[in-house]
file start_36.pdb (PDB, C-alpha atoms and all ligand atoms)
MODEL        1
ATOM      1  CA  MET P   1     -90.641-104.311 103.962
ATOM      2  CA  GLU P   2     -93.955-103.104 105.258
ATOM      3  CA  PHE P   3     -95.760 -99.793 104.832
ATOM      4  CA  VAL P   4     -96.891 -97.897 107.901
ATOM      5  CA  PRO P   5     -99.652 -95.415 107.156
ATOM      6  CA  LEU P   6     -98.711 -91.770 107.371
ATOM      7  CA  VAL P   7    -100.157 -90.214 110.500
ATOM      8  CA  MET P   8    -101.494 -86.760 109.744
ATOM      9  CA  SER P   9    -100.800 -83.794 111.955
ATOM     10  CA  SER P  10    -103.526 -82.654 114.296
ATOM     11  CA  ALA P  11    -104.077 -79.583 112.143
ATOM     12  CA  MET P  12    -105.148 -81.857 109.317
ATOM     13  CA  THR P  13    -107.654 -83.938 111.248
ATOM     14  CA  HIS P  14    -111.180 -83.154 112.288
ATOM     15  CA  PRO P  15    -112.080 -84.219 115.806
ATOM     16  CA  SER P  16    -115.821 -84.389 115.420
ATOM     17  CA  SER P  17    -116.569 -87.665 113.788
ATOM     18  CA  ARG P  18    -115.021 -90.946 112.790
ATOM     19  CA  ARG P  19    -118.228 -92.915 112.721
ATOM     20  CA  ARG P  20    -118.356 -93.776 109.103
ATOM     21  CA  ALA P  21    -116.185 -93.588 106.027
ATOM     22  CA  LEU P  22    -117.228 -93.299 102.433
ATOM     23  CA  THR P  23    -115.293 -95.863 100.575
ATOM     24  CA  VAL P  24    -114.667 -95.831  96.899
ATOM     25  CA  LEU P  25    -113.358 -98.913  95.232
ATOM     26  CA  ALA P  26    -111.182 -98.126  92.310
ATOM     27  CA  GLY P  27    -112.530-101.173  90.550
ATOM     28  CA  ALA P  28    -110.866-104.350  89.453
ATOM     29  CA  GLY P  29    -109.382-102.747  86.379
ATOM     30  CA  ALA P  30    -109.338 -99.580  84.382
ATOM     31  CA  THR P  31    -111.600-101.132  81.796
ATOM     32  CA  GLY P  32    -114.380-101.818  84.285
ATOM     33  CA  ALA P  33    -116.903 -99.553  85.934
ATOM     34  CA  LEU P  34    -115.942 -98.231  89.343
ATOM     35  CA  ALA P  35    -117.859 -99.620  92.270
ATOM     36  CA  VAL P  36    -118.881 -97.269  95.060
ATOM     37  CA  VAL P  37    -119.835 -98.537  98.491
ATOM     38  CA  VAL P  38    -120.349 -96.962 101.895
ATOM     39  CA  LEU P  39    -118.777 -98.877 104.741
ATOM     40  CA  PRO P  40    -117.767 -98.355 108.349
ATOM     41  CA  ALA P  41    -114.363 -96.717 108.593
ATOM     42  CA  ALA P  42    -112.648 -99.709 110.119
ATOM     43  CA  ARG P  43    -113.650-102.132 107.418
ATOM     44  CA  LEU P  44    -111.281-102.656 104.540
ATOM     45  CA  VAL P  45    -112.566-103.420 101.112
ATOM     46  CA  ALA P  46    -111.691-105.831  98.367
ATOM     47  CA  GLY P  47    -109.705-104.629  95.379
ATOM     48  CA  PRO P  48    -106.269-105.098  93.876
ATOM     49  CA  ALA P  49    -104.826-105.523  97.359
ATOM     50  CA  ALA P  50    -107.034-108.517  97.904
ATOM     51  CA  VAL P  51    -105.873-109.903  94.585
ATOM     52  CA  ALA P  52    -102.323-109.682  95.903
ATOM     53  CA  GLY P  53    -103.349-111.832  98.820
ATOM     54  CA  GLY P  54    -103.149-109.348 101.666
ATOM     55  CA  GLU P  55    -104.583-106.172 103.054
ATOM     56  CA  ARG P  56    -102.482-103.071 102.929
ATOM     57  CA  PRO P  57    -102.623 -99.971 105.068
ATOM     58  CA  TRP P  58    -104.634 -96.970 104.063
ATOM     59  CA  ILE P  59    -102.375 -93.991 103.496
ATOM     60  CA  THR P  60    -103.678 -90.449 103.683
ATOM     61  CA  VAL P  61    -102.663 -88.536 100.569
ATOM     62  CA  ALA P  62    -104.934 -85.480 100.554
ATOM     63  CA  ARG P  63    -107.943 -83.742 102.044
ATOM     64  CA  LEU P  64    -111.168 -83.743 100.091
ATOM     65  CA  HIS P  65    -111.273 -79.935  99.938
ATOM     66  CA  GLU P  66    -107.969 -79.945  98.046
ATOM     67  CA  LEU P  67    -109.702 -81.581  95.088
ATOM     68  CA  THR P  68    -111.748 -79.712  92.507
ATOM     69  CA  GLU P  69    -114.760 -81.522  91.119
ATOM     70  CA  GLY P  70    -113.781 -83.574  88.055
ATOM     71  CA  LYS P  71    -110.283 -82.131  87.846
ATOM     72  CA  PRO P  72    -107.415 -84.621  88.259
ATOM     73  CA  ALA P  73    -104.807 -83.705  90.830
ATOM     74  CA  ARG P  74    -101.555 -85.496  91.541
ATOM     75  CA  PHE P  75    -100.331 -86.173  95.069
ATOM     76  CA  ARG P  76     -97.298 -87.809  96.547
ATOM     77  CA  VAL P  77     -97.710 -90.929  98.655
ATOM     78  CA  ILE P  78     -95.604 -90.781 101.798
ATOM     79  CA  ALA P  79     -95.453 -93.333 104.571
ATOM     80  CA  ASP P  80     -93.152 -94.781 107.164
ATOM     81  CA  LEU P  81     -91.407 -97.942 105.990
ATOM     82  CA  LYS P  82     -90.801-100.676 108.504
ATOM     83  CA  ASP P  83     -88.098-103.283 107.935
ATOM     84  CA  GLY P  84     -87.689-105.575 110.895
ATOM     85  CA  TYR P  85     -87.016-103.322 113.869
ATOM     86  CA  ALA P  86     -86.005-100.340 111.754
ATOM     87  CA  THR P  87     -88.454 -97.703 110.620
ATOM     88  CA  ALA P  88     -87.625 -95.176 107.923
ATOM     89  CA  ARG P  89     -89.886 -92.204 108.481
ATOM     90  CA  GLN P  90     -91.834 -90.353 105.814
ATOM     91  CA  GLN P  91     -90.529 -92.144 102.761
ATOM     92  CA  PRO P  92     -91.881 -91.263  99.301
ATOM     93  CA  LEU P  93     -93.514 -94.341  97.802
ATOM     94  CA  GLY P  94     -94.804 -92.848  94.578
ATOM     95  CA  GLN P  95     -97.541 -90.619  93.243
ATOM     96  CA  VAL P  96    -101.249 -90.946  92.612
ATOM     97  CA  TRP P  97    -103.793 -89.156  90.485
ATOM     98  CA  LEU P  98    -107.045 -88.365  92.277
ATOM     99  CA  ILE P  99    -110.316 -87.330  90.669
ATOM    100  CA  ARG P 100    -113.192 -86.101  92.778
ATOM    101  CA  LYS P 101    -116.837 -86.619  91.941
ATOM    102  CA  GLY P 102    -118.943 -85.232  94.749
ATOM    103  CA  ILE P 103    -117.825 -86.929  97.906
ATOM    104  CA  GLU P 104    -116.272 -89.822  96.035
ATOM    105  CA  VAL P 105    -112.714 -90.071  94.798
ATOM    106  CA  THR P 106    -111.156 -92.256  92.120
ATOM    107  CA  ALA P 107    -107.418 -92.981  92.306
ATOM    108  CA  PHE P 108    -104.874 -94.187  89.779
ATOM    109  CA  THR P 109    -101.211 -94.797  90.332
ATOM    110  CA  ALA P 110     -99.183 -92.186  88.447
ATOM    111  CA  THR P 111     -96.792 -94.889  87.262
ATOM    112  CA  CYS P 112     -97.221 -95.609  83.572
ATOM    113  CA  PRO P 113     -98.237 -99.225  82.912
ATOM    114  CA  HIS P 114     -95.974 -99.320  79.848
ATOM    115  CA  LEU P 115     -92.500 -98.962  81.349
ATOM    116  CA  GLY P 116     -92.940 -96.987  84.533
ATOM    117  CA  CYS P 117     -92.554 -93.301  83.671
ATOM    118  CA  THR P 118     -94.695 -90.776  85.510
ATOM    119  CA  ILE P 119     -98.088 -90.039  84.006
ATOM    120  CA  ASP P 120     -98.913 -86.383  83.377
ATOM    121  CA  LEU P 121    -102.140 -84.564  82.715
ATOM    122  CA  ALA P 122    -102.402 -83.542  79.055
ATOM    123  CA  SER P 123    -102.718 -79.854  78.243
ATOM    124  CA  ASP P 124    -106.383 -80.343  77.290
ATOM    125  CA  GLN P 125    -107.004 -81.400  80.936
ATOM    126  CA  LYS P 126    -109.184 -84.209  79.559
ATOM    127  CA  HIS P 127    -106.595 -86.933  79.187
ATOM    128  CA  PHE P 128    -103.685 -88.428  81.000
ATOM    129  CA  TYR P 129    -100.496 -88.553  79.004
ATOM    130  CA  CYS P 130     -97.153 -90.303  79.302
ATOM    131  CA  PRO P 131     -94.396 -88.359  77.575
ATOM    132  CA  CYS P 132     -91.843 -91.166  77.545
ATOM    133  CA  HIS P 133     -93.197 -93.109  74.576
ATOM    134  CA  THR P 134     -96.383 -91.162  73.908
ATOM    135  CA  SER P 135     -99.332 -92.890  75.519
ATOM    136  CA  TRP P 136    -102.779 -91.390  76.058
ATOM    137  CA  PHE P 137    -105.429 -92.380  78.577
ATOM    138  CA  ASP P 138    -108.934 -91.130  79.278
ATOM    139  CA  LEU P 139    -109.733 -89.750  82.712
ATOM    140  CA  ASP P 140    -111.414 -93.050  83.580
ATOM    141  CA  GLY P 141    -108.062 -94.740  82.977
ATOM    142  CA  LYS P 142    -108.897 -96.401  79.670
ATOM    143  CA  LYS P 143    -106.530 -96.159  76.733
ATOM    144  CA  THR P 144    -107.697 -93.308  74.526
ATOM    145  CA  GLU P 145    -109.150 -94.465  71.244
ATOM    146  CA  GLY P 146    -107.570 -92.886  68.183
ATOM    147  CA  LYS P 147    -104.465 -91.714  70.052
ATOM    148  CA  PRO P 148    -101.034 -93.339  70.177
ATOM    149  CA  ASN P 149    -100.488 -95.712  73.043
ATOM    150  CA  GLN P 150     -97.584 -98.032  73.770
ATOM    151  CA  SER P 151     -99.160 -99.504  76.863
ATOM    152  CA  LEU P 152    -100.897-102.865  76.705
ATOM    153  CA  ARG P 153    -103.396-101.833  79.380
ATOM    154  CA  GLY P 154    -105.082 -98.793  80.874
ATOM    155  CA  LEU P 155    -103.987 -96.952  83.987
ATOM    156  CA  ASP P 156    -103.859 -98.994  87.157
ATOM    157  CA  PRO P 157    -106.549 -98.027  89.665
ATOM    158  CA  LEU P 158    -105.933 -97.998  93.397
ATOM    159  CA  PRO P 159    -108.392 -98.639  96.199
ATOM    160  CA  ALA P 160    -109.398 -95.228  97.541
ATOM    161  CA  ARG P 161    -111.782 -93.940 100.175
ATOM    162  CA  VAL P 162    -112.813 -90.732 101.876
ATOM    163  CA  SER P 163    -113.006 -90.869 105.639
ATOM    164  CA  ALA P 164    -115.691 -89.201 107.700
ATOM    165  CA  ASP P 165    -113.214 -86.446 108.533
ATOM    166  CA  GLN P 166    -112.571 -85.828 104.837
ATOM    167  CA  ARG P 167    -109.188 -87.459 104.460
ATOM    168  CA  VAL P 168    -108.559 -89.096 101.096
ATOM    169  CA  GLU P 169    -106.830 -92.413 101.652
ATOM    170  CA  VAL P 170    -105.411 -94.933  99.204
ATOM    171  CA  GLN P 171    -103.892 -98.351  99.364
ATOM    172  CA  PHE P 172    -100.698 -97.871  97.419
ATOM    173  CA  LEU P 173     -99.828-100.717  95.067
ATOM    174  CA  ARG P 174     -97.089-101.343  92.558
ATOM    175  CA  PHE P 175     -97.848-103.164  89.320
ATOM    176  CA  ARG P 176     -95.745-105.053  86.828
ATOM    177  CA  ALA P 177     -94.978-102.896  83.801
ATOM    178  CA  GLY P 178     -95.480-103.931  80.207
ATOM    179  CA  THR P 179     -98.173-106.560  80.665
ATOM    180  CA  ALA P 180    -101.684-106.617  79.263
ATOM    181  CA  SER P 181    -103.321-107.342  82.583
ATOM    182  CA  ALA P 182    -102.539-105.671  85.886
ATOM    183  CA  GLU P 183    -100.322-107.770  88.138
ATOM    184  CA  VAL P 184     -99.729-106.472  91.626
ATOM    185  CA  LEU P 185     -96.104-106.804  92.766
ATOM    186  CA  GLY P 186     -95.334-107.785  96.350
TER
HETATM  187  S1  LIG P 201     -93.339 -95.482  79.988
HETATM  188 FE1  LIG P 201     -95.184 -94.484  79.522
HETATM  189  S2  LIG P 201     -95.424 -94.742  77.401
HETATM  190 FE2  LIG P 201     -93.612 -95.814  77.872
ENDMDL
END
call {"tool": "encode", "arguments": {"input": "start_36.pdb", "output": "structure tokens"}}
result
Amino acid sequence: MEFVPLVMSSAMTHPSSRRRALTVLAGAGATGALAVVVLPAARLVAGPAAVAGGERPWITVARLHELTEGKPARFRVIADLKDGYATARQQPLGQVWLIRKGIEVTAFTATCPHLGCTIDLASDQKHFYCPCHTSWFDLDGKKTEGKPNQSLRGLDPLPARVSADQRVEVQFLRFRAGTASAEVLG
């Protein structure tokens, strides 16, 4: 089954420019520093998708103005799913956490790397938290030192970019749960 990127309504697009996109790589892992590059909009970038052996569509999940500087916000990922000749429109694929820093955005899948529950934002707003078996993560995705954590790895980052017309796009990936290193599922 193949993802088809969600096409935004005309009210959500800006007609003036599509010349360049600011692309933010969500890094090769939550334990590494995030790499930020500026690339033409049409060029895809390396990241977990490349590790999986194929490029995936960019899916629009938000507009940049919907994000507050440094404050994580969770968004649903919705796209058309194509299976042979059939297309299921506007299917929910999952959720992502986005964090804005200036005109850059970092993305993590909201699926817990332990056993797949949905990651929440802790009440202190400074950590991610999984209520299923009590796991804490810093806002950069690393496991929080000194806090309980059942997961063998940090949060799984997703490739993310901001287009010239301010759409926040991600490549949505699913990862194997319960492993120490991130393994992208097909
Ligand atoms: S599923 Fe998140 S801690 Fe177990």
call {"tool": "closest_atom_pairs", "arguments": {"input": "start_36.pdb", "of": "chain P", "to": "ligand LIG 201 (chain P)", "cutoff": "10 Å", "atoms": "all atoms listed in the file", "output": "CSV"}}
result
residue,atom,partner,partner_atom,distance
P:Thr111,CA,P:LIG201,FE1,7.9
P:Cys112,CA,P:LIG201,FE1,4.7
P:Pro113,CA,P:LIG201,FE1,6.6
P:His114,CA,P:LIG201,S1,4.7
P:Leu115,CA,P:LIG201,S1,3.8
P:Gly116,CA,P:LIG201,S1,4.8
P:Cys117,CA,P:LIG201,S1,4.4
P:Thr118,CA,P:LIG201,FE1,7.1
P:Ile119,CA,P:LIG201,FE1,6.9
P:Asp120,CA,P:LIG201,FE1,9.7
P:Tyr129,CA,P:LIG201,FE1,8.0
P:Cys130,CA,P:LIG201,FE1,4.6
P:Pro131,CA,P:LIG201,S2,6.5
P:Cys132,CA,P:LIG201,FE2,5.0
P:His133,CA,P:LIG201,S2,4.0
P:Thr134,CA,P:LIG201,S2,5.1
P:Ser135,CA,P:LIG201,S2,4.7
P:Trp136,CA,P:LIG201,S2,8.2
P:Pro148,CA,P:LIG201,S2,9.3
P:Asn149,CA,P:LIG201,S2,6.8
P:Gln150,CA,P:LIG201,S2,5.4
P:Ser151,CA,P:LIG201,S2,6.1
P:Leu152,CA,P:LIG201,S2,9.8
P:Ala177,CA,P:LIG201,S1,8.5
P:Gly178,CA,P:LIG201,FE2,8.7
call {"tool": "write_last_selection", "arguments": {"input": "start_36.pdb", "atoms": "C-alpha atoms", "output": "PDB file, keeping the file's coordinate frame"}}
result
ATOM      1  CA  THR P 111     -96.792 -94.889  87.262  1.00  0.00           C
ATOM      2  CA  CYS P 112     -97.221 -95.609  83.572  1.00  0.00           C
ATOM      3  CA  PRO P 113     -98.237 -99.225  82.912  1.00  0.00           C
ATOM      4  CA  HIS P 114     -95.974 -99.320  79.848  1.00  0.00           C
ATOM      5  CA  LEU P 115     -92.500 -98.962  81.349  1.00  0.00           C
ATOM      6  CA  GLY P 116     -92.940 -96.987  84.533  1.00  0.00           C
ATOM      7  CA  CYS P 117     -92.554 -93.301  83.671  1.00  0.00           C
ATOM      8  CA  THR P 118     -94.695 -90.776  85.510  1.00  0.00           C
ATOM      9  CA  ILE P 119     -98.088 -90.039  84.006  1.00  0.00           C
ATOM     10  CA  ASP P 120     -98.913 -86.383  83.377  1.00  0.00           C
ATOM     11  CA  TYR P 129    -100.496 -88.553  79.004  1.00  0.00           C
ATOM     12  CA  CYS P 130     -97.153 -90.303  79.302  1.00  0.00           C
ATOM     13  CA  PRO P 131     -94.396 -88.359  77.575  1.00  0.00           C
ATOM     14  CA  CYS P 132     -91.843 -91.166  77.545  1.00  0.00           C
ATOM     15  CA  HIS P 133     -93.197 -93.109  74.576  1.00  0.00           C
ATOM     16  CA  THR P 134     -96.383 -91.162  73.908  1.00  0.00           C
ATOM     17  CA  SER P 135     -99.332 -92.890  75.519  1.00  0.00           C
ATOM     18  CA  TRP P 136    -102.779 -91.390  76.058  1.00  0.00           C
ATOM     19  CA  PRO P 148    -101.034 -93.339  70.177  1.00  0.00           C
ATOM     20  CA  ASN P 149    -100.488 -95.712  73.043  1.00  0.00           C
ATOM     21  CA  GLN P 150     -97.584 -98.032  73.770  1.00  0.00           C
ATOM     22  CA  SER P 151     -99.160 -99.504  76.863  1.00  0.00           C
ATOM     23  CA  LEU P 152    -100.897-102.865  76.705  1.00  0.00           C
ATOM     24  CA  ALA P 177     -94.978-102.896  83.801  1.00  0.00           C
ATOM     25  CA  GLY P 178     -95.480-103.931  80.207  1.00  0.00           C
TER      26      GLY P 178
END
call {"tool": "closest_residue", "arguments": {"input": "start_36.pdb", "among": "P:Leu185, P:Ile99, P:Leu64, P:Ile59", "to": "Phe172 in chain P", "atoms": "all atoms listed in the file"}}
result
P:Ile59
call {"tool": "resolve_selection", "arguments": {"input": "start_36.pdb", "expression": "the PyMOL selection byres (((chain P and resi 76) around 10) and not hetatm)", "output": "ChimeraX atom specification"}}
result
/P:60-62,74-75,77-79,92-97,110
call {"tool": "closest_residue", "arguments": {"input": "start_36.pdb", "among": "P:Pro57, P:Arg100, P:Leu158, P:Lys147", "to": "Leu81 in chain P", "atoms": "all atoms listed in the file"}}
result
P:Pro57
call {"tool": "atom_distance", "arguments": {"input": "start_36.pdb", "atom1": "CA of Asp138 in chain P", "atom2": "CA of Lys126 in chain P"}}
result
6.9 Å
call {"tool": "resolve_selection", "arguments": {"input": "start_36.pdb", "expression": "the PyMOL selection byres (((chain P and resi 71) around 8) and not hetatm)", "output": "VMD selection string"}}
result
chain P and resid 67 to 70 72 to 73 99 to 100 125
call {"tool": "atom_distance", "arguments": {"input": "start_36.pdb", "atom1": "CA of Arg161 in chain P", "atom2": "CA of Phe128 in chain P"}}
result
21.5 Å
call {"tool": "atom_distance", "arguments": {"input": "start_36.pdb", "atom1": "CA of Phe175 in chain P", "atom2": "CA of Lys142 in chain P"}}
result
16.2 Å
